[in-house]
>>> print(open('data-v7.csv').read())   # CSV, C-alpha atoms and all ligand atoms
chain,number,residue,atom,x,y,z
A,1349,MET,CA,2.5,-44.6,68.3
A,1350,PRO,CA,6.3,-44.0,68.1
A,1351,GLU,CA,7.1,-40.7,66.5
A,1352,GLN,CA,9.1,-40.5,63.2
A,1353,PRO,CA,12.8,-40.0,63.8
A,1354,LEU,CA,14.5,-37.0,62.2
A,1355,ARG,CA,17.6,-37.4,60.1
A,1356,GLY,CA,20.1,-34.7,59.4
A,1357,ARG,CA,23.6,-33.5,60.0
A,1358,HIS,CA,24.4,-32.1,63.4
A,1359,TYR,CA,24.8,-28.3,63.0
A,1360,ARG,CA,28.0,-28.3,65.0
A,1361,THR,CA,29.8,-31.6,64.0
A,1362,LEU,CA,28.2,-32.1,60.6
A,1363,GLN,CA,27.9,-35.8,61.5
A,1364,PRO,CA,24.9,-37.6,60.1
A,1365,ILE,CA,22.5,-38.3,63.0
A,1366,GLU,CA,19.1,-39.6,63.8
A,1367,VAL,CA,17.1,-37.8,66.5
A,1368,ARG,CA,14.4,-39.8,68.2
A,1369,VAL,CA,11.7,-37.9,70.0
A,1370,ALA,CA,8.9,-38.8,72.3
A,1371,GLU,CA,6.4,-36.8,74.3
A,1372,GLY,CA,7.9,-33.6,72.9
A,1373,MET,CA,11.5,-34.3,74.1
A,1374,ILE,CA,14.7,-35.5,72.4
A,1375,ARG,CA,15.1,-39.1,73.7
A,1376,ALA,CA,18.0,-40.4,71.6
A,1377,ILE,CA,20.6,-39.1,69.2
A,1378,GLN,CA,22.4,-41.8,67.2
A,1379,PRO,CA,25.0,-41.7,64.4
A,1380,VAL,CA,23.7,-43.0,61.0
A,1381,ALA,CA,25.3,-44.0,57.7
A,1382,ASP,CA,26.3,-41.0,55.6
A,1383,GLN,CA,23.8,-39.9,53.0
A,1384,ALA,CA,24.4,-37.2,50.4
A,1385,ALA,CA,21.5,-34.9,50.8
A,1386,LEU,CA,20.9,-34.7,54.5
A,1387,PRO,CA,19.9,-31.2,55.8
A,1388,LEU,CA,21.5,-29.6,58.8
A,1389,ILE,CA,19.6,-30.1,62.0
A,1390,ALA,CA,19.7,-27.4,64.7
A,1391,PRO,CA,17.8,-26.1,67.7
A,1392,GLY,CA,14.7,-24.1,67.0
A,1393,LEU,CA,15.1,-20.3,67.2
A,1394,VAL,CA,14.1,-18.3,70.3
A,1395,ASP,CA,13.1,-14.7,69.8
A,1396,LEU,CA,12.7,-12.5,72.9
A,1397,GLN,CA,11.2,-9.6,71.0
A,1398,VAL,CA,8.3,-10.1,68.7
A,1399,ASN,CA,5.9,-7.1,68.3
A,1400,GLY,CA,3.7,-8.8,65.8
A,1401,TYR,CA,3.9,-10.4,62.4
A,1402,ALA,CA,2.1,-10.3,59.0
A,1403,ALA,CA,-0.3,-7.4,59.8
A,1404,ILE,CA,-1.0,-8.6,63.3
A,1405,ASP,CA,0.2,-6.2,66.0
A,1406,PHE,CA,0.4,-6.9,69.7
A,1407,ASN,CA,0.5,-3.2,70.2
A,1408,HIS,CA,-2.6,-2.3,68.2
A,1409,PHE,CA,-5.3,-3.3,70.5
A,1410,PRO,CA,-7.7,-5.1,70.1
A,1411,PHE,CA,-6.2,-8.2,68.6
A,1412,SER,CA,-7.7,-11.6,69.1
A,1413,VAL,CA,-6.4,-14.8,70.7
A,1414,ASP,CA,-6.7,-16.4,67.3
A,1415,GLU,CA,-4.4,-13.8,65.9
A,1416,VAL,CA,-1.8,-14.7,68.5
A,1417,ALA,CA,-2.1,-18.3,67.3
A,1418,GLN,CA,-1.7,-17.1,63.7
A,1419,VAL,CA,1.6,-15.2,64.6
A,1420,THR,CA,2.8,-18.4,66.3
A,1421,ARG,CA,2.3,-20.4,63.0
A,1422,GLU,CA,3.9,-17.6,60.9
A,1423,LEU,CA,6.9,-17.8,63.2
A,1424,TRP,CA,7.3,-21.5,62.6
A,1425,ARG,CA,7.8,-20.7,58.9
A,1426,GLN,CA,10.8,-18.6,60.1
A,1427,GLY,CA,12.2,-21.3,62.3
A,1428,VAL,CA,11.1,-19.7,65.5
A,1429,THR,CA,9.8,-22.2,68.0
A,1430,THR,CA,9.8,-20.1,71.1
A,1431,PHE,CA,9.0,-16.4,71.4
A,1432,MET,CA,8.1,-13.5,73.7
A,1433,PRO,CA,5.2,-11.4,72.4
A,1434,THR,CA,6.4,-7.8,73.1
A,1435,VAL,CA,4.0,-5.1,74.4
A,1436,ILE,CA,5.4,-1.6,74.2
A,1437,THR,CA,4.5,1.8,75.8
A,1438,ALA,CA,0.8,2.7,75.7
A,1439,ASP,CA,-2.0,3.8,77.9
A,1440,SER,CA,-2.1,1.8,81.1
A,1441,ASP,CA,-5.5,0.2,80.2
A,1442,VAL,CA,-4.3,-0.7,76.7
A,1443,ILE,CA,-1.2,-2.5,78.1
A,1444,GLU,CA,-3.5,-4.3,80.6
A,1445,GLN,CA,-5.8,-5.4,77.8
A,1446,ALA,CA,-2.9,-6.5,75.6
A,1447,VAL,CA,-1.2,-8.7,78.2
A,1448,LYS,CA,-4.6,-10.1,79.2
A,1449,THR,CA,-5.3,-11.2,75.6
A,1450,LEU,CA,-1.9,-12.7,75.3
A,1451,ALA,CA,-2.5,-14.7,78.5
A,1452,GLU,CA,-5.9,-15.8,77.2
A,1453,ALA,CA,-4.3,-16.9,74.0
A,1454,CYS,CA,-1.9,-19.1,76.0
A,1455,GLU,CA,-4.9,-20.6,77.9
A,1456,GLU,CA,-7.0,-21.3,74.8
A,1457,HIS,CA,-4.4,-22.4,72.3
A,1458,PRO,CA,-2.0,-25.2,73.4
A,1459,GLU,CA,0.4,-24.3,70.5
A,1460,VAL,CA,0.6,-20.7,71.7
A,1461,ALA,CA,1.2,-21.9,75.3
A,1462,ARG,CA,4.1,-24.1,74.1
A,1463,ALA,CA,5.6,-21.3,72.0
A,1464,VAL,CA,5.2,-18.3,74.3
A,1465,CYS,CA,7.8,-18.5,77.0
A,1466,GLY,CA,6.7,-15.2,78.6
A,1467,ILE,CA,5.6,-11.7,77.7
A,1468,HIS,CA,8.2,-9.0,77.2
A,1469,LEU,CA,7.0,-5.6,78.4
A,1470,GLU,CA,9.1,-2.9,76.7
A,1471,GLY,CA,8.1,0.3,78.4
A,1472,PRO,CA,6.5,2.5,79.5
A,1473,PHE,CA,9.3,3.2,82.1
A,1474,LEU,CA,11.7,4.5,79.4
A,1475,SER,CA,13.5,7.7,78.7
A,1476,PRO,CA,11.2,10.6,77.7
A,1477,GLU,CA,14.0,12.0,75.5
A,1478,ASP,CA,13.7,12.1,71.7
A,1479,GLY,CA,16.1,9.6,70.3
A,1480,PRO,CA,16.3,7.1,73.2
A,1481,ARG,CA,12.5,7.0,73.3
A,1482,GLY,CA,12.4,5.7,69.7
A,1483,ALA,CA,8.9,5.2,68.5
A,1484,HIS,CA,7.4,4.9,72.0
A,1485,PRO,CA,4.7,7.6,72.5
A,1486,ARG,CA,5.9,10.4,74.8
A,1487,ALA,CA,2.4,10.8,76.3
A,1488,HIS,CA,2.6,7.4,78.0
A,1489,ILE,CA,6.2,7.3,79.2
A,1490,LYS,CA,6.3,7.3,83.0
A,1491,ALA,CA,8.5,6.7,86.0
A,1492,PRO,CA,8.7,3.0,87.2
A,1493,ASP,CA,5.6,2.2,89.2
A,1494,ALA,CA,5.5,-1.2,91.0
A,1495,GLN,CA,1.8,-1.0,91.8
A,1496,LEU,CA,1.1,-0.5,88.1
A,1497,PHE,CA,3.4,-3.3,87.2
A,1498,ARG,CA,1.5,-5.6,89.6
A,1499,ARG,CA,-1.8,-4.7,88.0
A,1500,TRP,CA,-0.4,-5.7,84.5
A,1501,GLN,CA,1.3,-8.8,85.9
A,1502,ALA,CA,-2.1,-9.9,87.4
A,1503,ALA,CA,-3.8,-9.4,84.1
A,1504,ALA,CA,-1.0,-11.4,82.4
A,1505,GLY,CA,-1.4,-14.3,84.8
A,1506,GLY,CA,2.2,-13.8,85.9
A,1507,ARG,CA,3.5,-14.2,82.4
A,1508,ILE,CA,5.5,-10.9,82.2
A,1509,THR,CA,9.0,-12.4,82.6
A,1510,LEU,CA,11.1,-9.7,80.9
A,1511,LEU,CA,10.8,-5.9,81.3
A,1512,THR,CA,12.8,-3.3,79.5
A,1513,LEU,CA,13.2,0.0,81.3
A,1514,SER,CA,15.5,3.0,81.5
A,1515,PRO,CA,17.5,3.3,84.7
A,1516,GLU,CA,17.5,7.1,84.5
A,1517,TRP,CA,14.5,7.4,86.8
A,1518,PRO,CA,15.3,8.0,90.5
A,1519,THR,CA,12.9,5.2,91.5
A,1520,ALA,CA,14.5,2.7,89.1
A,1521,PRO,CA,16.9,0.9,91.5
A,1522,ASP,CA,14.1,0.0,94.0
A,1523,PHE,CA,11.8,-1.0,91.2
A,1524,ILE,CA,14.5,-3.2,89.7
A,1525,ARG,CA,15.1,-4.9,93.1
A,1526,THR,CA,11.3,-5.5,93.4
A,1527,LEU,CA,11.0,-7.1,89.9
A,1528,THR,CA,14.1,-9.1,90.3
A,1529,ALA,CA,12.7,-10.5,93.6
A,1530,MET,CA,9.5,-11.5,91.6
A,1531,GLY,CA,11.6,-13.4,89.1
A,1532,VAL,CA,11.3,-10.9,86.3
A,1533,VAL,CA,14.4,-10.3,84.2
A,1534,VAL,CA,15.1,-6.6,83.9
A,1535,SER,CA,16.7,-5.3,80.8
A,1536,LEU,CA,18.0,-1.8,80.1
A,1537,GLY,CA,16.9,0.0,77.0
A,1538,HIS,CA,15.6,3.1,75.4
A,1539,THR,CA,17.7,5.0,77.9
A,1540,ALA,CA,19.6,8.2,78.3
A,1541,ALA,CA,21.0,7.0,81.7
A,1542,THR,CA,24.4,8.2,83.0
A,1543,PRO,CA,27.1,5.6,83.5
A,1544,GLU,CA,26.5,5.8,87.3
A,1545,GLN,CA,22.8,5.1,86.8
A,1546,ILE,CA,23.7,2.0,84.8
A,1547,ILE,CA,26.1,0.8,87.4
A,1548,THR,CA,23.4,1.2,90.1
A,1549,ALA,CA,20.9,-0.6,88.0
A,1550,VAL,CA,23.2,-3.6,87.5
A,1551,GLU,CA,23.8,-3.6,91.3
A,1552,ALA,CA,20.0,-3.7,91.8
A,1553,GLY,CA,19.7,-6.7,89.5
A,1554,ALA,CA,19.4,-5.6,85.9
A,1555,ARG,CA,20.9,-8.4,83.7
A,1556,MET,CA,20.4,-7.5,80.0
A,1557,SER,CA,20.6,-4.7,77.4
A,1558,THR,CA,17.7,-4.5,75.1
A,1559,HIS,CA,18.8,-4.0,71.4
A,1560,LEU,CA,22.0,-2.3,72.4
A,1561,GLY,CA,23.0,0.5,70.1
A,1562,ASN,CA,19.4,1.2,69.0
A,1563,GLY,CA,16.8,3.3,70.8
A,1564,ALA,CA,19.6,5.8,71.3
A,1565,HIS,CA,20.5,9.4,70.5
A,1566,LEU,CA,21.7,10.0,66.9
A,1567,GLN,CA,24.7,11.8,68.5
A,1568,LEU,CA,26.4,11.0,71.8
A,1569,PRO,CA,29.4,12.3,73.8
A,1570,ARG,CA,32.3,10.1,72.6
A,1571,HIS,CA,32.9,8.9,76.1
A,1572,PRO,CA,31.6,8.2,78.6
A,1573,ASN,CA,28.2,7.3,77.4
A,1574,TYR,CA,25.5,4.7,78.0
A,1575,ILE,CA,26.6,2.4,75.2
A,1576,TRP,CA,30.2,2.1,76.4
A,1577,GLN,CA,29.0,1.6,80.0
A,1578,GLN,CA,26.6,-1.2,79.1
A,1579,LEU,CA,29.3,-2.9,77.0
A,1580,ALA,CA,31.6,-2.7,80.0
A,1581,GLN,CA,29.2,-4.2,82.5
A,1582,ASP,CA,30.0,-8.0,82.4
A,1583,GLU,CA,26.7,-8.7,84.2
A,1584,LEU,CA,24.7,-7.4,81.2
A,1585,ALA,CA,23.9,-9.8,78.4
A,1586,CYS,CA,23.4,-8.1,75.2
A,1587,ALA,CA,20.5,-8.4,72.7
A,1588,LEU,CA,21.4,-7.3,69.2
A,1589,ILE,CA,19.3,-6.7,66.1
A,1590,ALA,CA,21.3,-8.1,63.2
A,1591,ASP,CA,18.9,-7.3,60.3
A,1592,GLY,CA,21.5,-5.2,58.4
A,1593,ASP,CA,19.7,-1.9,59.1
A,1594,HIS,CA,19.9,-1.4,62.9
A,1595,LEU,CA,23.6,-1.9,63.5
A,1596,PRO,CA,26.7,-1.5,61.3
A,1597,LEU,CA,28.9,-4.6,61.0
A,1598,SER,CA,31.6,-3.0,63.1
A,1599,VAL,CA,29.2,-2.5,66.0
A,1600,LEU,CA,27.8,-6.0,65.8
A,1601,LYS,CA,31.4,-7.3,65.8
A,1602,VAL,CA,32.5,-5.3,68.8
A,1603,CYS,CA,29.5,-6.2,70.8
A,1604,MET,CA,29.9,-9.9,70.0
A,1605,ARG,CA,33.6,-9.8,70.9
A,1606,VAL,CA,33.0,-8.0,74.2
A,1607,LYS,CA,30.0,-9.9,75.3
A,1608,GLY,CA,31.0,-13.4,74.1
A,1609,GLU,CA,28.5,-16.0,75.1
A,1610,GLN,CA,26.3,-13.2,76.5
A,1611,ALA,CA,25.6,-11.7,73.1
A,1612,PHE,CA,22.5,-12.9,71.4
A,1613,LEU,CA,20.1,-11.9,68.6
A,1614,VAL,CA,16.5,-10.6,68.7
A,1615,SER,CA,14.4,-9.7,65.7
A,1616,ASP,CA,12.3,-6.8,67.1
A,1617,VAL,CA,10.0,-7.9,64.3
A,1618,THR,CA,6.8,-5.9,63.8
A,1619,ARG,CA,3.5,-6.4,62.0
A,1620,PHE,CA,5.2,-5.1,58.8
A,1621,ALA,CA,7.2,-8.3,58.4
A,1622,GLY,CA,5.7,-10.2,55.5
A,1623,MET,CA,4.0,-7.1,54.1
A,1624,ALA,CA,4.6,-5.3,50.8
A,1625,ALA,CA,6.8,-2.2,50.6
A,1626,GLY,CA,5.0,1.1,51.1
A,1627,VAL,CA,4.0,3.8,53.6
A,1628,TYR,CA,1.7,2.7,56.4
A,1629,ASP,CA,-0.1,4.4,59.3
A,1630,ALA,CA,1.4,2.7,62.3
A,1631,PRO,CA,-0.8,2.6,65.4
A,1632,ILE,CA,2.3,3.6,67.4
A,1633,GLY,CA,4.5,6.5,66.6
A,1634,GLY,CA,2.8,7.7,63.3
A,1635,ARG,CA,3.6,6.9,59.7
A,1636,VAL,CA,6.3,4.4,58.8
A,1637,ARG,CA,7.9,3.5,55.5
A,1638,LEU,CA,8.8,-0.1,54.6
A,1639,SER,CA,11.3,0.0,51.8
A,1640,GLU,CA,11.8,-2.6,49.1
A,1641,ASN,CA,14.9,-4.0,50.9
A,1642,GLY,CA,12.9,-4.4,54.1
A,1643,ARG,CA,14.1,-1.4,56.0
A,1644,LEU,CA,11.4,0.0,58.3
A,1645,ALA,CA,11.7,3.6,59.4
A,1646,MET,CA,9.6,6.6,60.5
A,1647,ALA,CA,8.2,8.2,57.3
A,1648,GLU,CA,8.9,11.8,58.4
A,1649,GLN,CA,12.3,11.0,60.1
A,1650,PRO,CA,13.8,8.3,57.9
A,1651,GLN,CA,17.0,8.3,60.0
A,1652,LEU,CA,14.9,6.8,62.9
A,1653,LEU,CA,14.1,3.1,62.5
A,1654,ALA,CA,10.7,1.9,63.6
A,1655,GLY,CA,11.4,-1.7,64.5
A,1656,SER,CA,12.3,-4.5,62.0
A,1657,ALA,CA,10.5,-6.3,59.2
A,1658,LYS,CA,13.0,-9.1,59.0
A,1659,GLY,CA,12.7,-12.3,61.0
A,1660,LEU,CA,15.3,-13.7,63.4
A,1661,PHE,CA,16.6,-16.2,60.8
A,1662,HIS,CA,17.6,-13.3,58.6
A,1663,GLY,CA,20.0,-12.2,61.4
A,1664,VAL,CA,21.6,-15.7,61.5
A,1665,ASN,CA,22.3,-15.5,57.8
A,1666,HIS,CA,23.5,-11.9,58.1
A,1667,LEU,CA,26.2,-12.9,60.7
A,1668,VAL,CA,27.3,-15.8,58.6
A,1669,HIS,CA,27.3,-14.0,55.3
A,1670,HIS,CA,29.5,-11.2,56.7
A,1671,ALA,CA,31.8,-13.7,58.5
A,1672,LEU,CA,31.0,-12.2,61.9
A,1673,ALA,CA,30.3,-15.7,63.3
A,1674,PRO,CA,30.6,-19.3,62.1
A,1675,LEU,CA,27.3,-21.0,61.4
A,1676,PRO,CA,27.0,-22.9,64.7
A,1677,GLN,CA,27.7,-19.8,66.7
A,1678,ALA,CA,25.2,-17.7,64.7
A,1679,LEU,CA,22.5,-20.3,65.2
A,1680,GLU,CA,23.2,-20.5,68.9
A,1681,MET,CA,23.0,-16.7,69.2
A,1682,ALA,CA,19.4,-17.1,68.0
A,1683,SER,CA,18.5,-20.2,70.0
A,1684,ILE,CA,20.5,-21.5,73.0
A,1685,ARG,CA,21.8,-18.2,74.1
A,1686,PRO,CA,18.5,-16.3,74.4
A,1687,ALA,CA,16.9,-19.4,76.0
A,1688,ARG,CA,19.7,-19.3,78.6
A,1689,GLN,CA,19.0,-15.7,79.4
A,1690,MET,CA,15.4,-16.6,80.2
A,1691,GLY,CA,16.2,-19.9,81.9
A,1692,LEU,CA,14.3,-22.0,79.4
A,1693,PRO,CA,14.7,-25.8,78.9
A,1694,SER,CA,15.5,-25.2,75.2
A,1695,GLN,CA,18.9,-23.8,76.3
A,1696,GLN,CA,20.0,-27.5,76.3
A,1697,GLY,CA,20.0,-27.3,72.5
A,1698,LEU,CA,20.4,-30.4,70.4
A,1699,ASN,CA,20.9,-32.9,73.3
A,1700,ILE,CA,19.0,-35.8,74.9
A,1701,GLY,CA,16.5,-34.4,77.4
A,1702,ALA,CA,16.0,-31.1,75.6
A,1703,PRO,CA,12.6,-30.1,74.1
A,1704,ALA,CA,12.4,-31.4,70.6
A,1705,ASP,CA,12.3,-27.9,69.1
A,1706,LEU,CA,14.3,-28.3,65.9
A,1707,ILE,CA,14.8,-26.8,62.5
A,1708,LEU,CA,16.1,-28.3,59.3
A,1709,LEU,CA,18.3,-26.2,57.0
A,1710,THR,CA,19.9,-26.5,53.6
A,1711,PRO,CA,22.7,-24.4,52.2
A,1712,SER,CA,21.8,-22.3,49.2
A,1713,ASN,CA,24.3,-20.5,47.0
A,1714,THR,CA,22.4,-17.2,46.9
A,1715,HIS,CA,20.9,-16.7,50.3
A,1716,GLY,CA,23.1,-18.5,52.8
A,1717,LEU,CA,21.0,-21.1,54.6
A,1718,THR,CA,17.3,-21.9,53.7
A,1719,LEU,CA,14.9,-23.3,56.3
A,1720,THR,CA,13.2,-26.4,55.1
A,1721,ALA,CA,11.3,-27.6,58.2
A,1722,THR,CA,10.4,-26.7,61.8
A,1723,TRP,CA,9.6,-29.1,64.6
A,1724,LYS,CA,7.9,-28.0,67.8
A,1725,ALA,CA,7.7,-30.2,70.9
A,1726,GLY,CA,8.4,-33.3,68.7
A,1727,ARG,CA,5.8,-32.5,66.1
A,1728,LYS,CA,6.5,-31.3,62.5
A,1729,VAL,CA,4.7,-27.9,62.4
A,1730,TRP,CA,6.0,-26.6,59.1
A,1731,GLY,CA,7.8,-27.7,55.9
B,1,ZN,ZN,12.8,-1.0,71.4
>>> encode(input="data-v7.csv", output="structure tokens")
Amino acid sequence: MPEQPLRGRHYRTLQPIEVRVAEGMIRAIQPVADQAALPLIAPGLVDLQVNGYAAIDFNHFPFSVDEVAQVTRELWRQGVTTFMPTVITADSDVIEQAVKTLAEACEEHPEVARAVCGIHLEGPFLSPEDGPRGAHPRAHIKAPDAQLFRRWQAAAGGRITLLTLSPEWPTAPDFIRTLTAMGVVVSLGHTAATPEQIITAVEAGARMSTHLGNGAHLQLPRHPNYIWQQLAQDELACALIADGDHLPLSVLKVCMRVKGEQAFLVSDVTRFAGMAAGVYDAPIGGRVRLSENGRLAMAEQPQLLAGSAKGLFHGVNHLVHHALAPLPQALEMASIRPARQMGLPSQQGLNIGAPADLILLTPSNTHGLTLTATWKAGRKVWG
């Protein structure tokens, strides 16, 4: 049975188009007669850092394979068609169980397999220092260990494709070379590294900065420091959290200008997304406070953020609302650009031959753009 074509305005050109899909792919894009109320049509969003959603937490083991499927469906409502479940620092056995369950979810649920483009392991090879460490538990922070990584990668069925580490460990360069040779993208984050250590990590193959400007000391030497150095390394793409709490507009703007096409958005969204304001006992890092405006911070140290409670689409609207990026660029920072960093087919965007992962959007006067529908692999999954 031929699938229903989608009609909308191309998010870049604003031309009215009809998109024909078959077998999950975009097969044709044709101009159509203008119609007044056509929504915008854009590539589905790609989020490389999802810790959980709506009370489900990939870092609070046990979680079930069905819960992974539930998060996948929740993310469709946020326009996210591809994501990386993110497992953070924990006891070695807990990490192994978590990545094993995520792998099982991919095997048991076809919609999870289509949405999950890999697992992001954020830790445990991070800085032990307070500040850079963020909410990662000190007790489980350790030096890079390739044997341990191989154990987790075996449990994950090879699905760990992104690893965040701090290059301040003496063994980091060798470890980065090993992972890069295995095809794992190495990203720098939660680090107190010296500029020299960052340069060495880049030479060893590190290619990304994890939520640059966060997971850092509250106070730093003015220069040099690890933020300047990562900005200055052209080889490092730059993941940014644009939820309005994690980075001031000036920092977002400078990172975007310096990194150009290499700057992209992640949400770092946690289980607290979609929950009511209040104080909660978080399984990692202690008590957290979710405020009415969606800011998520450590309850006892409110200056320290504890991840985000706002989805990736919020970041798109944040950039547009504050004129940091025109709409097409803001959308691509949350879709094509992160897909490119991970070498995904969806980096082709709204073009023939690309996966039919698409979102429909309508402008609203109060909240910027509103999502109205999400299509995954040629099938309408929400809206
Ligand atoms: Zn982090």
>>> closest_residue(input="data-v7.csv", among="A:Thr1558, A:Gln1501, A:Ser1475, A:Gln1352", to="ligand ZN 1 (chain B)", atoms="all atoms listed in the file")
A:Thr1558
>>> atom_distance(input="data-v7.csv", atom1="CA of Met1530 in chain A", atom2="CA of Leu1423 in chain A")
29.2 Å
>>> residues_around(input="data-v7.csv", residues="Ser1535 in chain A", least_positions_apart="3", cutoff="8 Å", atoms="all atoms listed in the file", output="ChimeraX atom specification")
/A:1510-1513,1554-1558
>>> atom_distance(input="data-v7.csv", atom1="CA of Val1435 in chain A", atom2="CA of Glu1640 in chain A")
26.6 Å
>>> residues_near_ligand(input="data-v7.csv", ligand="ligand ZN 1 (chain B)", cutoff="10 Å", atoms="all atoms listed in the file", output="PDB file with C-alpha atoms, in the frame of the given file")
ATOM      1  CA  GLN A1397      11.200  -9.600  71.000  1.00  0.00           C
ATOM      2  CA  ASN A1399       5.900  -7.100  68.300  1.00  0.00           C
ATOM      3  CA  THR A1434       6.400  -7.800  73.100  1.00  0.00           C
ATOM      4  CA  ILE A1436       5.400  -1.600  74.200  1.00  0.00           C
ATOM      5  CA  THR A1437       4.500   1.800  75.800  1.00  0.00           C
ATOM      6  CA  GLU A1470       9.100  -2.900  76.700  1.00  0.00           C
ATOM      7  CA  GLY A1471       8.100   0.300  78.400  1.00  0.00           C
ATOM      8  CA  LEU A1474      11.700   4.500  79.400  1.00  0.00           C
ATOM      9  CA  PRO A1480      16.300   7.100  73.200  1.00  0.00           C
ATOM     10  CA  ARG A1481      12.500   7.000  73.300  1.00  0.00           C
ATOM     11  CA  GLY A1482      12.400   5.700  69.700  1.00  0.00           C
ATOM     12  CA  ALA A1483       8.900   5.200  68.500  1.00  0.00           C
ATOM     13  CA  HIS A1484       7.400   4.900  72.000  1.00  0.00           C
ATOM     14  CA  THR A1512      12.800  -3.300  79.500  1.00  0.00           C
ATOM     15  CA  LEU A1513      13.200   0.000  81.300  1.00  0.00           C
ATOM     16  CA  GLY A1537      16.900   0.000  77.000  1.00  0.00           C
ATOM     17  CA  HIS A1538      15.600   3.100  75.400  1.00  0.00           C
ATOM     18  CA  THR A1558      17.700  -4.500  75.100  1.00  0.00           C
ATOM     19  CA  HIS A1559      18.800  -4.000  71.400  1.00  0.00           C
ATOM     20  CA  LEU A1560      22.000  -2.300  72.400  1.00  0.00           C
ATOM     21  CA  ASN A1562      19.400   1.200  69.000  1.00  0.00           C
ATOM     22  CA  GLY A1563      16.800   3.300  70.800  1.00  0.00           C
ATOM     23  CA  ALA A1564      19.600   5.800  71.300  1.00  0.00           C
ATOM     24  CA  ASP A1616      12.300  -6.800  67.100  1.00  0.00           C
ATOM     25  CA  LEU A1653      14.100   3.100  62.500  1.00  0.00           C
ATOM     26  CA  ALA A1654      10.700   1.900  63.600  1.00  0.00           C
ATOM     27  CA  GLY A1655      11.400  -1.700  64.500  1.00  0.00           C
TER      28      GLY A1655
END
>>> atom_distance(input="data-v7.csv", atom1="CA of Leu1672 in chain A", atom2="CA of Val1617 in chain A")
21.6 Å
>>> residues_near_point(input="data-v7.csv", point="(21.8, -40.3, 52.3)", cutoff="12 Å", atoms="only C-alpha atoms", output="list in words")
Arg1355, Gly1356, Arg1357, Gln1363, Pro1364, Ile1365, Glu1366, Val1380, Ala1381, Asp1382, Gln1383, Ala1384, Ala1385, Leu1386 and Pro1387 of chain A
>>> residues_around(input="data-v7.csv", residues="range 1369-1374 of chain A", least_positions_apart="5", cutoff="8 Å", atoms="only C-alpha atoms", output="ChimeraX atom specification")
/A:1350-1353,1698-1704,1724-1727
>>> write_last_selection(input="data-v7.csv", atoms="C-alpha atoms", output="PDB file, keeping the file's coordinate frame")
ATOM      1  CA  PRO A1350       6.300 -44.000  68.100  1.00  0.00           C
ATOM      2  CA  GLU A1351       7.100 -40.700  66.500  1.00  0.00           C
ATOM      3  CA  GLN A1352       9.100 -40.500  63.200  1.00  0.00           C
ATOM      4  CA  PRO A1353      12.800 -40.000  63.800  1.00  0.00           C
ATOM      5  CA  LEU A1698      20.400 -30.400  70.400  1.00  0.00           C
ATOM      6  CA  ASN A1699      20.900 -32.900  73.300  1.00  0.00           C
ATOM      7  CA  ILE A1700      19.000 -35.800  74.900  1.00  0.00           C
ATOM      8  CA  GLY A1701      16.500 -34.400  77.400  1.00  0.00           C
ATOM      9  CA  ALA A1702      16.000 -31.100  75.600  1.00  0.00           C
ATOM     10  CA  PRO A1703      12.600 -30.100  74.100  1.00  0.00           C
ATOM     11  CA  ALA A1704      12.400 -31.400  70.600  1.00  0.00           C
ATOM     12  CA  LYS A1724       7.900 -28.000  67.800  1.00  0.00           C
ATOM     13  CA  ALA A1725       7.700 -30.200  70.900  1.00  0.00           C
ATOM     14  CA  GLY A1726       8.400 -33.300  68.700  1.00  0.00           C
ATOM     15  CA  ARG A1727       5.800 -32.500  66.100  1.00  0.00           C
TER      16      ARG A1727
END
>>> residues_around(input="data-v7.csv", residues="range 1523-1529 of chain A", least_positions_apart="6", cutoff="7 Å", atoms="only C-alpha atoms", output="PyMOL selection string")
chain A and resi 1492+1494+1552-1554
>>> closest_residue(input="data-v7.csv", among="A:Leu1600, A:Arg1688, A:Asp1593, A:Pro1485", to="Gly1642 in chain A", atoms="only C-alpha atoms")
A:Asp1593
>>> closest_residue(input="data-v7.csv", among="A:Ala1453, A:Leu1566, A:Ala1673, A:Ile1389", to="Leu1706 in chain A", atoms="all atoms listed in the file")
A:Ile1389
>>> residues_around(input="data-v7.csv", residues="Val1636 in chain A", least_positions_apart="4", cutoff="7 Å", atoms="all atoms listed in the file", output="JSON, numbers by chain")
{"A": [1627, 1628, 1629, 1630, 1644, 1645, 1646, 1647, 1654]}
>>> closest_residue(input="data-v7.csv", among="A:Asn1407, A:Gln1689, A:Thr1430, A:Gln1578", to="Glu1444 in chain A", atoms="all atoms listed in the file")
A:Asn1407
>>> residues_around(input="data-v7.csv", residues="Ala1671 in chain A", least_positions_apart="4", cutoff="12 Å", atoms="all atoms listed in the file", output="list in words")
Leu1597, Ser1598, Leu1600, Lys1601, Val1664, Asn1665, His1666, Leu1667, Leu1675, Gln1677, Ala1678 and Gly1716 of chain A
>>> closest_residue(input="data-v7.csv", among="A:Phe1406, A:Asp1395, A:Arg1498, A:Thr1449", to="Leu1588 in chain A", atoms="all atoms listed in the file")
A:Asp1395
>>> closest_residue(input="data-v7.csv", among="A:Val1447, A:Asp1522, A:Pro1515, A:Glu1551", to="Trp1500 in chain A", atoms="only C-alpha atoms")
A:Val1447
